[in-house]
Amino acid sequence: MNHSRHFTLLASFLYFLLFQSKKYGKYAQFLVIYREGGIRDTIGVWKRYSDFEALSRKVVESHDGCSSVLANMSPLAVTEDGDVEHLPNAITSWRLLKKRQRWFRCLDAGYLSLKVFLLERFLHDILFESTSPNLLRDFVIYDKSGGGSG
């Protein structure tokens, strides 16, 4: 008897919008569409670039921790650390995004469209390389910055 569970996970972008506030001036937010399960489990949240930077720090710090552990490990050692994610493609995607980043706040539609594509690629790499949905779920659902406006 097969007890496998069908599991759907989706992370994608559809839009970016420009916002104006007294505190931040003019800035862009990106709509992240996230679904874990059926179509009724789909949610959308607006995220600022700083939210993605925080996510990238989690990905890179996890990778840096793995590198130092692997450097001191015997090749014959077998360990299982379920909390450590190895996401080299996500790190590469983030680095590509940083290479294309302007040194000033650019709100040009063409530039923001490219940024949407690169941010989506970053999330997709996390999605495909991660062993669980926790990292993306935490990014989307357990937002501590109050709706990505921080």
# chains A, B, ... in the order shown; residues from 1 in each chain; ligands from 1
$ residues_around --residues "segment 43-60 of chain A" --least-positions-apart "4" --cutoff "6 Å" --atoms "only C-alpha atoms" --output "PDB file with N, CA and C atoms, in the first residue's frame"
ATOM      1  N   GLN A  29       7.768  47.361  -3.605  1.00  0.00           N
ATOM      2  CA  GLN A  29       7.467  46.114  -2.917  1.00  0.00           C
ATOM      3  C   GLN A  29       7.116  45.079  -3.975  1.00  0.00           C
ATOM      4  N   PHE A  30       7.378  43.827  -3.638  1.00  0.00           N
ATOM      5  CA  PHE A  30       7.200  42.722  -4.567  1.00  0.00           C
ATOM      6  C   PHE A  30       6.190  41.742  -3.989  1.00  0.00           C
ATOM      7  N   LEU A  31       5.225  41.358  -4.806  1.00  0.00           N
ATOM      8  CA  LEU A  31       4.195  40.420  -4.368  1.00  0.00           C
ATOM      9  C   LEU A  31       4.738  39.000  -4.503  1.00  0.00           C
ATOM     10  N   VAL A  32       4.795  38.302  -3.380  1.00  0.00           N
ATOM     11  CA  VAL A  32       5.222  36.906  -3.367  1.00  0.00           C
ATOM     12  C   VAL A  32       3.968  36.054  -3.204  1.00  0.00           C
ATOM     13  N   ILE A  33       3.754  35.145  -4.146  1.00  0.00           N
ATOM     14  CA  ILE A  33       2.632  34.207  -4.092  1.00  0.00           C
ATOM     15  C   ILE A  33       3.182  32.886  -3.575  1.00  0.00           C
ATOM     16  N   TYR A  34       2.568  32.386  -2.527  1.00  0.00           N
ATOM     17  CA  TYR A  34       3.058  31.164  -1.873  1.00  0.00           C
ATOM     18  C   TYR A  34       1.890  30.215  -1.677  1.00  0.00           C
ATOM     19  N   GLY A 148       6.329  43.355   5.773  1.00  0.00           N
ATOM     20  CA  GLY A 148       7.398  43.634   4.818  1.00  0.00           C
ATOM     21  C   GLY A 148       7.646  45.104   4.599  1.00  0.00           C
TER      22      GLY A 148
END
$ residues_around --residues "segment 116-133 of chain A" --least-positions-apart "4" --cutoff "8 Å" --atoms "only C-alpha atoms" --output "PyMOL selection string"
chain A and resi 9-13+15-16+30+52+85-87+89-91+93-94+96-97+112+137
$ atom_distance --atom1 "atom CA of Lys22 of chain A" --atom2 "atom CA of Val140 of chain A"
25.5 Å
$ atom_distance --atom1 "atom CA of Lys23 of chain A" --atom2 "atom CA of Arg102 of chain A"
21.4 Å
